[in-house]
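Asker: Data file coords-v7.cif (mmCIF, C-alpha atoms) is appended below.
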```cif
data_my_file
loop_
_atom_site.label_atom_id
_atom_site.label_comp_id
_atom_site.auth_asym_id
_atom_site.auth_seq_id
_atom_site.Cartn_x
_atom_site.Cartn_y
_atom_site.Cartn_z
CA MET A 281 0.00 0.00 0.00
CA ARG A 282 1.31 3.42 -0.93
CA ARG A 283 0.02 6.63 0.54
CA ARG A 284 0.85 10.33 0.73
CA ILE A 285 2.41 11.40 4.01
CA TRP A 286 3.30 15.08 3.57
CA PRO A 287 0.24 16.58 5.33
CA LEU A 288 0.69 14.15 8.25
CA ALA A 289 4.44 14.86 8.54
CA LEU A 290 3.94 18.62 8.54
CA ALA A 291 1.07 18.45 11.01
CA LEU A 292 3.14 16.36 13.41
CA LEU A 293 6.02 18.80 13.18
CA LEU A 294 3.94 21.90 13.81
CA SER A 295 1.74 20.43 16.53
CA ALA A 296 4.64 18.88 18.43
CA CYS A 297 6.85 21.95 18.32
CA GLY A 298 4.38 24.79 18.52
CA GLY A 299 5.44 26.76 15.47
CA GLU A 300 7.81 27.05 12.56
CA GLU A 301 10.85 28.29 14.51
CA ALA A 302 10.59 25.52 17.06
CA VAL A 303 10.39 22.91 14.31
CA ARG A 304 14.06 23.48 13.55
CA GLU A 305 15.07 22.53 17.07
CA GLN A 306 13.46 19.07 17.05
CA SER A 307 14.47 15.78 15.46
CA PRO A 308 13.09 15.51 11.93
CA PRO A 309 10.16 13.17 11.20
CA PRO A 310 11.01 9.86 9.50
CA VAL A 311 10.49 11.19 5.97
CA PHE A 312 12.93 14.07 6.51
CA GLN A 313 15.44 11.67 8.04
CA GLN A 314 15.29 9.51 4.91
CA GLU A 315 15.64 12.55 2.67
CA LEU A 316 18.77 13.63 4.52
CA LEU A 317 20.16 10.12 4.14
CA PHE A 318 19.28 10.21 0.45
CA LEU A 319 21.12 13.52 0.00
CA GLN A 320 24.11 12.15 1.91
CA GLN A 321 24.31 9.05 -0.31
CA GLY A 322 24.54 11.39 -3.30
CA LEU A 323 27.31 13.43 -1.69
CA ARG A 324 29.27 10.25 -1.03
CA GLN A 325 28.75 8.79 -4.52
CA HIS A 326 29.94 11.99 -6.18
CA GLY A 327 32.80 12.84 -3.81
CA ILE A 328 31.30 16.14 -2.64
CA GLU A 329 33.28 17.44 0.32
CA GLY A 330 32.36 20.07 2.89
CA GLY A 331 29.23 20.75 4.86
CA PHE A 332 25.81 22.11 3.94
CA THR A 333 22.84 23.61 5.71
CA VAL A 334 19.69 22.01 4.31
CA TYR A 335 16.42 23.98 4.29
CA PHE A 336 13.17 22.05 3.76
CA ALA A 337 10.37 23.88 1.95
CA PRO A 338 6.77 23.30 3.05
CA PRO A 339 5.90 19.98 1.40
CA GLU A 340 3.35 19.66 -1.37
CA GLU A 341 1.82 16.18 -1.63
CA ASN A 342 4.72 13.85 -2.51
CA ARG A 343 6.97 16.59 -3.91
CA GLN A 344 9.91 18.01 -1.95
CA GLU A 345 12.03 21.10 -2.59
CA LEU A 346 15.12 21.90 -0.59
CA LEU A 347 17.81 24.55 -0.56
CA LEU A 348 21.39 23.61 0.30
CA GLU A 349 23.76 26.33 1.49
CA ASP A 350 27.43 25.44 1.26
CA ARG A 351 30.24 26.86 3.36
CA GLU A 352 31.14 29.37 0.65
CA GLY A 353 27.71 30.98 0.89
CA ARG A 354 26.39 29.52 -2.37
CA PHE A 355 22.90 28.05 -2.61
CA TRP A 356 21.87 24.92 -4.51
CA GLN A 357 18.28 24.03 -5.26
CA GLU A 358 17.20 20.42 -4.93
CA ARG A 359 13.89 18.84 -5.83
CA PHE A 360 12.45 15.38 -6.17
CA THR A 361 9.30 13.31 -5.76
CA PHE A 362 8.88 10.11 -3.80
CA GLU A 363 6.52 7.37 -2.78
CA TRP A 364 6.30 5.50 0.52
CA ASP A 365 5.35 1.84 0.90
CA GLU A 366 3.61 1.78 4.28
CA GLU A 367 3.73 -2.00 4.68
CA ARG A 368 7.49 -2.19 4.11
CA ASP A 369 8.24 1.30 5.43
CA TRP A 370 10.26 1.84 2.24
CA TYR A 371 10.79 4.96 0.11
CA ALA A 372 11.29 5.39 -3.63
CA PHE A 373 12.78 8.71 -4.81
CA SER A 374 12.38 9.90 -8.41
CA GLY A 375 12.21 12.98 -10.61
CA LEU A 376 15.58 14.08 -9.27
CA PHE A 377 17.12 17.49 -9.88
CA GLU A 378 20.40 17.66 -7.93
CA PRO A 379 22.88 20.16 -9.39
CA VAL A 380 24.80 20.25 -6.09
CA LEU A 381 26.16 16.81 -7.02
CA ALA A 382 27.53 18.15 -10.32
CA GLN A 383 29.10 21.22 -8.64
CA ASP A 384 29.11 22.89 -12.04
CA GLN A 385 30.32 26.48 -12.12
CA GLY A 386 31.00 26.60 -15.84
CA LEU A 387 28.47 26.58 -18.63
CA TRP A 388 25.25 26.41 -16.58
CA SER A 389 26.21 27.99 -13.21
CA TRP A 390 23.55 26.25 -11.14
CA ALA A 391 24.67 27.78 -7.84
CA LYS A 392 22.89 30.92 -6.67
CA GLU A 393 24.17 33.82 -4.63
CA ALA A 394 22.28 34.99 -1.57
CA GLY A 395 19.34 37.21 -2.50
CA GLU A 396 15.64 37.77 -2.07
CA GLU A 397 14.74 34.38 -3.50
CA THR A 398 17.03 32.42 -1.20
CA ALA A 399 16.04 34.54 1.81
CA ALA A 400 12.36 33.83 1.13
CA PHE A 401 13.08 30.10 0.89
CA GLN A 402 14.96 30.15 4.21
CA ALA A 403 12.18 32.11 5.94
CA ALA A 404 9.51 29.69 4.75
CA ALA A 405 11.49 26.54 5.58
CA VAL A 406 9.74 24.17 8.00
CA TYR A 407 12.95 22.41 8.99
CA GLN A 408 16.70 22.83 8.62
CA ALA A 409 19.63 20.54 9.34
CA GLU A 410 23.37 20.28 8.90
CA LEU A 411 24.71 17.70 6.48
CA SER A 412 28.01 16.41 5.12
CA ALA A 413 29.18 13.22 3.44
CA ASP A 414 31.06 11.95 6.48
CA MET A 415 28.67 12.73 9.35
CA ASP A 416 26.78 9.93 11.12
CA LEU A 417 23.03 10.42 10.84
CA GLU A 418 22.29 7.37 13.04
CA THR A 419 19.23 6.48 10.95
CA PRO A 420 18.58 3.14 9.21
CA LEU A 421 18.42 3.53 5.45
CA ARG A 422 14.92 2.82 4.10
CA PHE A 423 15.19 3.38 0.34
CA ASP A 424 16.90 2.03 -2.78
CA VAL A 425 20.03 4.00 -3.63
CA PRO A 426 20.34 5.02 -7.32
CA PRO A 427 23.65 3.90 -8.80
CA GLY A 428 26.44 6.45 -9.01
CA PRO A 429 28.63 7.19 -12.05
CA VAL A 430 29.82 4.24 -14.15
CA VAL A 431 32.71 4.63 -16.62
CA TYR A 432 33.45 2.20 -19.45
CA ASP A 433 36.32 2.70 -21.91
CA ARG A 434 37.56 -0.20 -24.00
CA GLN A 435 37.96 -1.61 -27.47
CA TRP A 436 34.72 -2.64 -29.08
CA GLY A 437 33.40 -3.97 -32.37
CA GLY A 438 29.89 -2.60 -32.33
CA GLY A 439 30.44 0.33 -34.69
CA GLN A 440 31.99 0.79 -38.09
CA GLU A 441 34.87 -1.31 -39.33
CA ALA A 442 38.23 0.20 -38.39
CA PRO A 443 40.83 0.95 -41.08
CA ALA A 444 43.99 -1.12 -41.22
CA ARG A 445 46.25 -0.73 -38.14
CA MET A 446 43.46 0.93 -36.14
CA ILE A 447 40.77 -0.05 -33.66
CA PHE A 448 37.70 1.73 -32.33
CA ARG A 449 37.20 2.32 -28.64
CA LEU A 450 33.93 3.11 -26.88
CA TYR A 451 33.83 5.45 -23.90
CA LEU A 452 30.60 5.42 -21.93
CA TYR A 453 29.93 7.58 -18.87
CA GLN A 454 26.54 7.05 -17.26
CA ASP A 455 25.15 8.62 -14.11
CA LEU A 456 21.55 7.52 -13.56
CA ARG A 457 21.12 9.68 -10.50
CA LEU A 458 22.02 12.84 -12.42
CA SER A 459 20.39 11.61 -15.66
CA PHE A 460 23.51 12.18 -17.72
CA THR A 461 25.17 9.99 -20.36
CA ALA A 462 28.23 10.56 -22.56
CA GLU A 463 28.88 8.09 -25.37
CA ILE A 464 32.06 8.61 -27.38
CA GLU A 465 33.36 6.30 -30.09
CA TYR A 466 36.91 7.16 -31.14
CA PRO A 467 39.70 5.51 -33.20
CA GLN A 468 43.16 4.59 -31.98
CA TYR A 469 46.22 3.12 -33.64
CA VAL A 470 47.44 -0.32 -32.57
CA GLU A 471 50.93 0.78 -31.63
CA SER A 472 52.56 -2.57 -32.40
CA LEU A 473 51.35 -2.35 -36.02
CA VAL A 474 52.55 1.13 -36.98
CA ASP A 475 55.92 2.40 -38.12
CA PHE A 476 55.62 6.17 -37.67
CA PRO A 477 57.73 7.80 -34.94
CA ASP A 478 55.38 8.40 -31.97
CA PRO A 479 52.10 6.46 -32.08
CA GLU A 480 51.39 7.13 -28.40
CA ALA A 481 51.45 10.90 -28.97
CA VAL A 482 49.26 10.51 -32.07
CA ASN A 483 46.71 8.47 -30.12
CA GLU A 484 46.64 11.08 -27.38
CA ARG A 485 46.07 13.84 -29.94
CA ILE A 486 43.17 11.85 -31.38
CA ARG A 487 41.65 11.50 -27.91
CA GLU A 488 41.93 15.24 -27.35
CA ALA A 489 39.82 15.84 -30.47
CA PHE A 490 36.96 13.84 -28.94
CA PHE A 491 37.23 14.61 -25.22
CA TYR A 492 36.65 18.36 -25.19
CA GLY A 493 34.47 20.49 -22.93
CA TYR A 494 32.24 23.46 -23.65
CA GLY A 495 32.83 27.17 -23.25
CA GLY A 496 36.59 26.73 -23.01
CA ASN A 497 36.32 24.23 -20.16
CA SER A 498 37.88 20.78 -20.11
CA PHE A 499 35.82 17.61 -20.55
CA ARG A 500 34.24 16.94 -17.17
CA PRO A 501 31.28 14.54 -17.32
CA GLU A 502 30.94 14.52 -13.53
CA GLY A 503 29.96 18.20 -13.80
CA GLU A 504 26.98 17.55 -16.07
CA THR A 505 23.34 16.82 -15.25
CA ARG A 506 20.13 16.14 -17.16
CA GLY A 507 21.70 15.66 -20.57
CA GLU A 508 23.29 13.43 -23.17
CA ILE A 509 26.40 13.70 -25.36
CA VAL A 510 27.07 11.45 -28.35
CA ARG A 511 30.28 11.74 -30.41
CA HIS A 512 31.53 9.55 -33.22
CA SER A 513 33.58 9.96 -36.39
CA ALA A 514 34.24 8.91 -39.94
CA VAL A 515 37.87 8.06 -40.74
CA THR A 516 38.02 9.75 -44.12
CA ARG A 517 41.73 9.24 -44.78
CA ALA A 518 44.23 6.80 -43.23
CA ASP A 519 47.49 6.02 -44.99
CA GLY A 520 51.17 5.93 -44.17
CA ARG A 521 51.48 9.70 -43.89
CA LEU A 522 48.14 11.24 -42.91
CA LEU A 523 45.11 10.53 -40.77
CA SER A 524 41.95 12.57 -41.29
CA LEU A 525 38.72 12.45 -39.26
CA ARG A 526 35.29 14.04 -39.57
CA ILE A 527 33.82 14.11 -36.06
CA TRP A 528 30.12 14.39 -35.28
CA GLU A 529 28.66 15.72 -32.05
CA SER A 530 25.04 15.53 -30.90
CA ASN A 531 23.99 16.75 -27.47
CA CYS A 532 20.83 17.61 -25.60
CA PHE A 533 20.60 19.26 -22.17
CA MET A 534 17.64 20.19 -20.02
CA ALA A 535 19.06 23.71 -19.63
CA ALA A 536 19.48 24.27 -23.39
CA PRO A 537 16.61 25.49 -25.60
CA HIS A 538 17.12 22.78 -28.22
CA PRO A 539 19.38 19.85 -29.17
CA ASN A 540 22.73 20.77 -30.73
CA ASN A 541 24.68 19.11 -33.54
CA TRP A 542 27.91 19.99 -35.29
CA TYR A 543 30.96 18.65 -37.10
CA SER A 544 34.60 19.15 -36.23
CA CYS A 545 37.69 17.67 -37.87
CA LEU A 546 41.25 16.54 -37.29
CA THR A 547 44.02 15.87 -39.83
CA LEU A 548 47.34 14.62 -38.45
CA ASP A 549 50.75 14.36 -40.03
CA LEU A 550 51.83 10.99 -38.65
CA GLU A 551 55.51 11.73 -39.14
CA THR A 552 55.47 14.80 -36.89
CA GLY A 553 52.35 14.12 -34.83
CA GLU A 554 51.16 17.65 -35.60
CA ALA A 555 47.66 18.66 -36.65
CA LEU A 556 47.48 20.37 -40.04
CA THR A 557 45.60 23.59 -40.63
CA LEU A 558 43.65 24.44 -43.74
CA ARG A 559 46.37 27.01 -44.44
CA ASP A 560 48.94 24.18 -44.66
CA ILE A 561 46.99 22.83 -47.64
CA LEU A 562 45.96 26.07 -49.35
CA GLY A 563 49.31 27.78 -49.06
CA PRO A 564 50.05 31.30 -47.78
CA GLU A 565 48.19 33.31 -50.41
CA ARG A 566 44.96 31.52 -51.22
CA THR A 567 41.80 32.53 -49.32
CA VAL A 568 38.73 30.58 -48.25
CA GLU A 569 36.64 32.89 -50.44
CA GLU A 570 38.64 31.90 -53.52
CA LEU A 571 38.33 28.25 -52.59
CA LEU A 572 34.54 28.36 -52.24
CA ASP A 573 34.11 30.48 -55.37
CA SER A 574 35.54 27.58 -57.39
CA GLY A 575 32.08 26.06 -57.78
CA ALA A 576 33.56 22.61 -57.13
CA PHE A 577 32.05 21.97 -53.69
CA ARG A 578 28.90 19.93 -53.16
CA CYS A 579 27.09 19.80 -49.81
CA ASN A 580 25.92 16.59 -48.17
CA GLN A 581 22.87 18.45 -46.83
CA VAL A 582 21.08 21.51 -48.19
CA TRP A 583 18.91 22.74 -45.35
CA GLU A 584 16.70 25.31 -47.11
CA LYS A 585 16.61 23.92 -50.61
CA GLY A 586 12.96 24.53 -51.50
CA PRO A 587 12.30 24.19 -55.24
CA ASP A 588 15.75 25.53 -56.19
CA ARG A 589 18.29 23.17 -54.63
CA GLU A 590 21.26 24.50 -56.60
CA GLY A 591 20.51 28.10 -55.68
CA ALA A 592 20.03 27.18 -52.02
CA GLU A 593 23.29 25.24 -52.04
CA ARG A 594 25.18 28.24 -53.44
CA LEU A 595 23.74 30.48 -50.69
CA GLN A 596 24.68 27.91 -48.06
CA ILE A 597 28.25 27.77 -49.34
CA GLU A 598 28.38 31.56 -49.52
CA GLU A 599 27.42 31.85 -45.86
CA ALA A 600 30.18 29.41 -44.93
CA LYS A 601 32.86 31.82 -46.18
CA SER A 602 32.78 33.83 -42.97
CA LEU A 603 32.73 30.73 -40.74
CA ILE A 604 35.67 28.73 -42.08
CA HIS A 605 39.03 30.00 -40.88
CA PRO A 606 42.19 28.99 -42.75
CA ASP A 607 44.34 28.79 -39.61
CA SER A 608 42.02 26.34 -37.86
CA THR A 609 42.68 22.61 -37.51
CA GLU A 610 39.00 21.79 -36.98
CA ASN A 611 37.06 22.81 -40.09
CA PHE A 612 38.46 20.57 -42.86
CA TYR A 613 39.27 16.95 -43.62
CA LEU A 614 40.75 14.93 -46.46
CA THR A 615 39.59 11.86 -48.34
CA GLY A 616 41.52 9.83 -50.89
CA ASP A 617 41.08 12.51 -53.56
CA SER A 618 38.98 15.31 -52.06
CA LEU A 619 39.00 18.19 -49.63
CA GLY A 620 36.11 18.41 -47.20
CA LEU A 621 34.96 21.45 -45.25
CA VAL A 622 32.49 21.63 -42.35
CA SER A 623 30.23 24.53 -41.48
CA THR A 624 26.73 25.42 -40.32
CA LEU A 625 23.65 27.17 -41.64
CA GLY A 626 22.40 28.85 -38.50
CA ARG A 627 22.60 26.00 -36.03
CA TYR A 628 22.28 23.29 -38.69
CA PRO A 629 25.56 21.52 -39.60
CA PHE A 630 26.70 20.25 -42.95
CA TYR A 631 29.86 19.23 -44.75
CA MET A 632 30.89 19.72 -48.36
CA GLU A 633 33.52 18.12 -50.56
CA ALA A 634 35.38 18.97 -53.76
CA PRO A 635 37.99 17.00 -55.75
CA LEU A 636 41.53 18.19 -55.08
CA SER A 637 42.12 18.29 -58.82
CA ALA A 638 39.21 20.72 -59.26
CA LEU A 639 40.73 23.01 -56.62
CA GLY A 640 44.18 23.19 -58.20
CA LEU A 641 45.74 21.23 -55.33
CA GLU A 642 47.27 18.43 -57.40
CA ASP A 643 50.85 19.32 -56.47
CA TRP A 644 50.08 19.29 -52.75
CA ALA A 645 48.24 16.01 -53.14
CA SER A 646 51.09 14.34 -55.02
CA ARG A 647 53.51 15.29 -52.25
CA ASN A 648 51.33 14.37 -49.29
CA LEU A 649 48.65 11.85 -50.21
CA SER A 650 50.67 8.83 -51.16
CA GLY A 651 49.28 5.50 -49.96
CA SER A 652 45.79 4.06 -49.94
CA ALA A 653 42.77 5.00 -47.89
#
```
As structure tokens - that is how I would like this structure written.
Answerer:
Amino acid sequence: MRRRIWPLALALLLSACGGEEAVREQSPPPVFQQELLFLQQGLRQHGIEGGFTVYFAPPEENRQELLLEDREGRFWQERFTFEWDEERDWYAFSGLFEPVLAQDQGLWSWAKEAGEETAAFQAAAVYQAELSADMDLETPLRFDVPPGPVVYDRQWGGGQEAPARMIFRLYLYQDLRLSFTAEIEYPQYVESLVDFPDPEAVNERIREAFFYGYGGNSFRPEGETRGEIVRHSAVTRADGRLLSLRIWESNCFMAAPHPNNWYSCLTLDLETGEALTLRDILGPERTVEELLDSGAFRCNQVWEKGPDREGAERLQIEEAKSLIHPDSTENFYLTGDSLGLVSTLGRYPFYMEAPLSALGLEDWASRNLSGSA
């Protein structure tokens, strides 16, 4: 049998203590004790250090909102729903929003400074308590604990076939409590099968191209909540001298207004381990405008084609002129006989390719594209 207990819990608190201020001086009712234990389990799973003051909002049915104040004076909102099995005296927590466990201060900035909103929450709180990961709450745990972060990173064969001398690895980070998943498929060289100077450094450079953060921050999956990241690539060129990748990203976050998708690229000189720029291929004088005015590029996707696909494609390529920078390592790739460029139309990504011969790059190709794809 499941039943709602919020009205009963609040009534017991107020009647036993004679008012809101006195409530804070008494031991919490069983449901608040379990909620504190639930919060503490999260702190322990995610390695959150330091103490917090926890403020309990007046409950509404089976929904709970809390405010956690850390020792730096920052405030973190917490909310969840739950059910209680009266026969087993067992709780089930769900609908979790717990940014305090992500401790993110980068892209989303979940923490709040003290202000009117936090002051109003504190004033209306029906109970408050101190909490940290290492304190002893002396209360038996009466709920199922959601699993903490799980990390998987190993060779796998579930994706595309790897080129000669390479394997694909799958990185999976999953945190069910914070509702976040990162899935990244990336290639690596089998070091015992290659003959270029520094395969370990090349493999590390490949990893860097996939494991990047947002807004100038490093990749930190433990700082994310309510979202998903998927990254994979096409190996467009792999021979004895060059490796070229077209990398695809798709992500979706609760805090973002819409899903996001884009392409990025990496082309490595295996002899030096260095990433090439588009300028390395075009030479010092040629511009992106000249390149795109060649008429040789064809887009994989024309987003606003309407009845005139060719005209829409030309406009899409024209808009890309201001977005593709010749000194970047991330906006081009190579195939066996073509140059590829990546760009966007608004927030919609696309890539386009043109034969090297049609771009007047035969000499560069003859010097640098020996070998087979």
Asker: Starting from the PyMOL selection byres ((chain A and resi 625-629) around 8), expand the selection into actual residues of this file and give them as a PyMOL selection string.
Answerer: chain A and resi 540-543+583+596+599-600+622-624+630-631
Asker: What does the structure give for the distance between CA of Pro606 in chain A and CA of Thr567 in chain A, in Å to one decimal?
Answerer: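 Distance reported for this atom pair: 7.5 Å.
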Asker: Name the residues in contact with Ala413 in chain A at a cut-off of 6 Å, using only C-alpha atoms, excluding same-chain residues fewer than 5 positions from it; report them as a ChimeraX atom specification.
Answerer: /A:320,323-324
Asker: How many Å lie between CA of Asp369 in chain A and CA of Leu456 in chain A, rounded to one decimal?
Answerer: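 Those two atoms sit 24.0 Å apart.
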Asker: Please evaluate the PyMOL selection byres ((chain A and resi 513) around 12) against the displayed coordinates and give the resulting residues as a PyMOL selection string.
Answerer: chain A and resi 439-442+448-450+464-468+486-487+489-490+510-512+514-517+524-530+542-546+613
Asker: Have a look at A:Pro310, A:Phe423, A:Leu639, A:Leu411 and name the one nearest to Glu363 in chain A; count all atoms listed in the file.
Answerer: A:Phe423
Asker: Could you name the residues that touch Val431 in chain A at 12 Å or less, counting all atoms listed in the file, but leaving out those on the same chain fewer than 5 positions away, as an MDAnalysis selection string?
Answerer: chainID A and resid 450:456 460:464 501:502
Asker: Can you pull out every residue within 12 Å of Met534 in chain A, counting all atoms listed in the file, but drop anything in the same chain fewer than 6 positions away, and send it as an MDAnalysis selection string?
Answerer: chainID A and resid 377 379 388 458:460 504:508 540
Asker: Taking C-alpha atoms for each residue, export the selection above as a tab-separated table (two decimals), in the frame of the given file.
Answerer:
```
chain	number	residue	atom	x	y	z
A	377	PHE	CA	17.12	17.49	-9.88
A	379	PRO	CA	22.88	20.16	-9.39
A	388	TRP	CA	25.25	26.41	-16.58
A	458	LEU	CA	22.02	12.84	-12.42
A	459	SER	CA	20.39	11.61	-15.66
A	460	PHE	CA	23.51	12.18	-17.72
A	504	GLU	CA	26.98	17.55	-16.07
A	505	THR	CA	23.34	16.82	-15.25
A	506	ARG	CA	20.13	16.14	-17.16
A	507	GLY	CA	21.70	15.66	-20.57
A	508	GLU	CA	23.29	13.43	-23.17
A	540	ASN	CA	22.73	20.77	-30.73
```
Asker: Between A:Ala403, A:Leu603, A:Leu619, A:Ala409, which one has atoms that come closest to Leu562 in chain A, using all atoms listed in the file?
Answerer: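 Selected residue with least distance to Leu562 in chain A: A:Leu619.
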Asker: Decode the PyMOL selection byres ((chain A and resi 633) around 10) for the given file into explicit residues and return them as a ChimeraX atom specification.
Answerer: /A:576-580,612-615,617-622,631-632,634-636
Asker: Grab the residues selected above and save them as a short mmCIF file (atom, residue, chain, number, x, y, z; two decimals), in the coordinates of the input with C-alpha atoms.
Answerer:
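Contents of result_17.cif, as written:
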```cif
data_model
loop_
_atom_site.label_atom_id
_atom_site.label_comp_id
_atom_site.auth_asym_id
_atom_site.auth_seq_id
_atom_site.Cartn_x
_atom_site.Cartn_y
_atom_site.Cartn_z
CA ALA A 576 33.56 22.61 -57.13
CA PHE A 577 32.05 21.97 -53.69
CA ARG A 578 28.90 19.93 -53.16
CA CYS A 579 27.09 19.80 -49.81
CA ASN A 580 25.92 16.59 -48.17
CA PHE A 612 38.46 20.57 -42.86
CA TYR A 613 39.27 16.95 -43.62
CA LEU A 614 40.75 14.93 -46.46
CA THR A 615 39.59 11.86 -48.34
CA ASP A 617 41.08 12.51 -53.56
CA SER A 618 38.98 15.31 -52.06
CA LEU A 619 39.00 18.19 -49.63
CA GLY A 620 36.11 18.41 -47.20
CA LEU A 621 34.96 21.45 -45.25
CA VAL A 622 32.49 21.63 -42.35
CA TYR A 631 29.86 19.23 -44.75
CA MET A 632 30.89 19.72 -48.36
CA ALA A 634 35.38 18.97 -53.76
CA PRO A 635 37.99 17.00 -55.75
CA LEU A 636 41.53 18.19 -55.08
#
```
Asker: What is the CA of Pro539 in chain A to CA of Gln435 in chain A distance in Å?
Answerer: 28.4 Å
Asker: For Leu556 in chain A, list every protein, DNA or RNA residue within 6 Å, evaluated using only C-alpha atoms, and leave out those in the same chain fewer than 5 positions away; present the list as number ranges by chain.
Answerer: A: 547-548, 609
Asker: I'd like the contact shell of range 469-484 of chain A - 7 Å cut-off, only C-alpha atoms, skipping same-chain residues fewer than 2 positions apart - returned as a PyMOL selection string.
Answerer: chain A and resi 445-447+467+486-488+550-551+553
Asker: As a short mmCIF file (atom, residue, chain, number, x, y, z; two decimals), in the coordinates of the input, please: range 539-550 of chain A completed to N, CA, C and O atoms.
Answerer:
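Saved to out.cif:
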```cif
data_model
loop_
_atom_site.label_atom_id
_atom_site.label_comp_id
_atom_site.auth_asym_id
_atom_site.auth_seq_id
_atom_site.Cartn_x
_atom_site.Cartn_y
_atom_site.Cartn_z
N PRO A 539 18.21 20.70 -28.94
CA PRO A 539 19.38 19.85 -29.17
C PRO A 539 20.41 20.58 -30.03
O PRO A 539 20.08 21.50 -30.77
N ASN A 540 21.65 20.15 -29.96
CA ASN A 540 22.73 20.77 -30.73
C ASN A 540 23.50 19.69 -31.49
O ASN A 540 23.73 18.60 -30.97
N ASN A 541 23.91 20.03 -32.70
CA ASN A 541 24.68 19.11 -33.54
C ASN A 541 25.73 19.91 -34.29
O ASN A 541 25.46 21.04 -34.71
N TRP A 542 26.90 19.33 -34.47
CA TRP A 542 27.91 19.99 -35.29
C TRP A 542 28.98 18.98 -35.71
O TRP A 542 29.06 17.87 -35.19
N TYR A 543 29.79 19.41 -36.67
CA TYR A 543 30.96 18.65 -37.10
C TYR A 543 32.22 19.39 -36.67
O TYR A 543 32.26 20.63 -36.63
N SER A 544 33.24 18.62 -36.35
CA SER A 544 34.60 19.15 -36.23
C SER A 544 35.53 18.15 -36.91
O SER A 544 35.10 17.05 -37.28
N CYS A 545 36.79 18.52 -37.09
CA CYS A 545 37.69 17.67 -37.87
C CYS A 545 39.08 17.61 -37.23
O CYS A 545 39.43 18.44 -36.38
N LEU A 546 39.84 16.65 -37.68
CA LEU A 546 41.25 16.54 -37.29
C LEU A 546 42.01 15.86 -38.42
O LEU A 546 41.59 14.81 -38.92
N THR A 547 43.11 16.48 -38.86
CA THR A 547 44.02 15.87 -39.83
C THR A 547 45.42 15.91 -39.25
O THR A 547 45.94 16.99 -38.95
N LEU A 548 46.02 14.73 -39.08
CA LEU A 548 47.34 14.62 -38.45
C LEU A 548 48.40 14.19 -39.44
O LEU A 548 48.17 13.29 -40.26
N ASP A 549 49.55 14.82 -39.34
CA ASP A 549 50.75 14.36 -40.03
C ASP A 549 51.38 13.32 -39.11
O ASP A 549 51.87 13.63 -38.02
N LEU A 550 51.37 12.07 -39.52
CA LEU A 550 51.83 10.99 -38.65
C LEU A 550 53.34 11.02 -38.42
O LEU A 550 53.82 10.49 -37.42
#
```
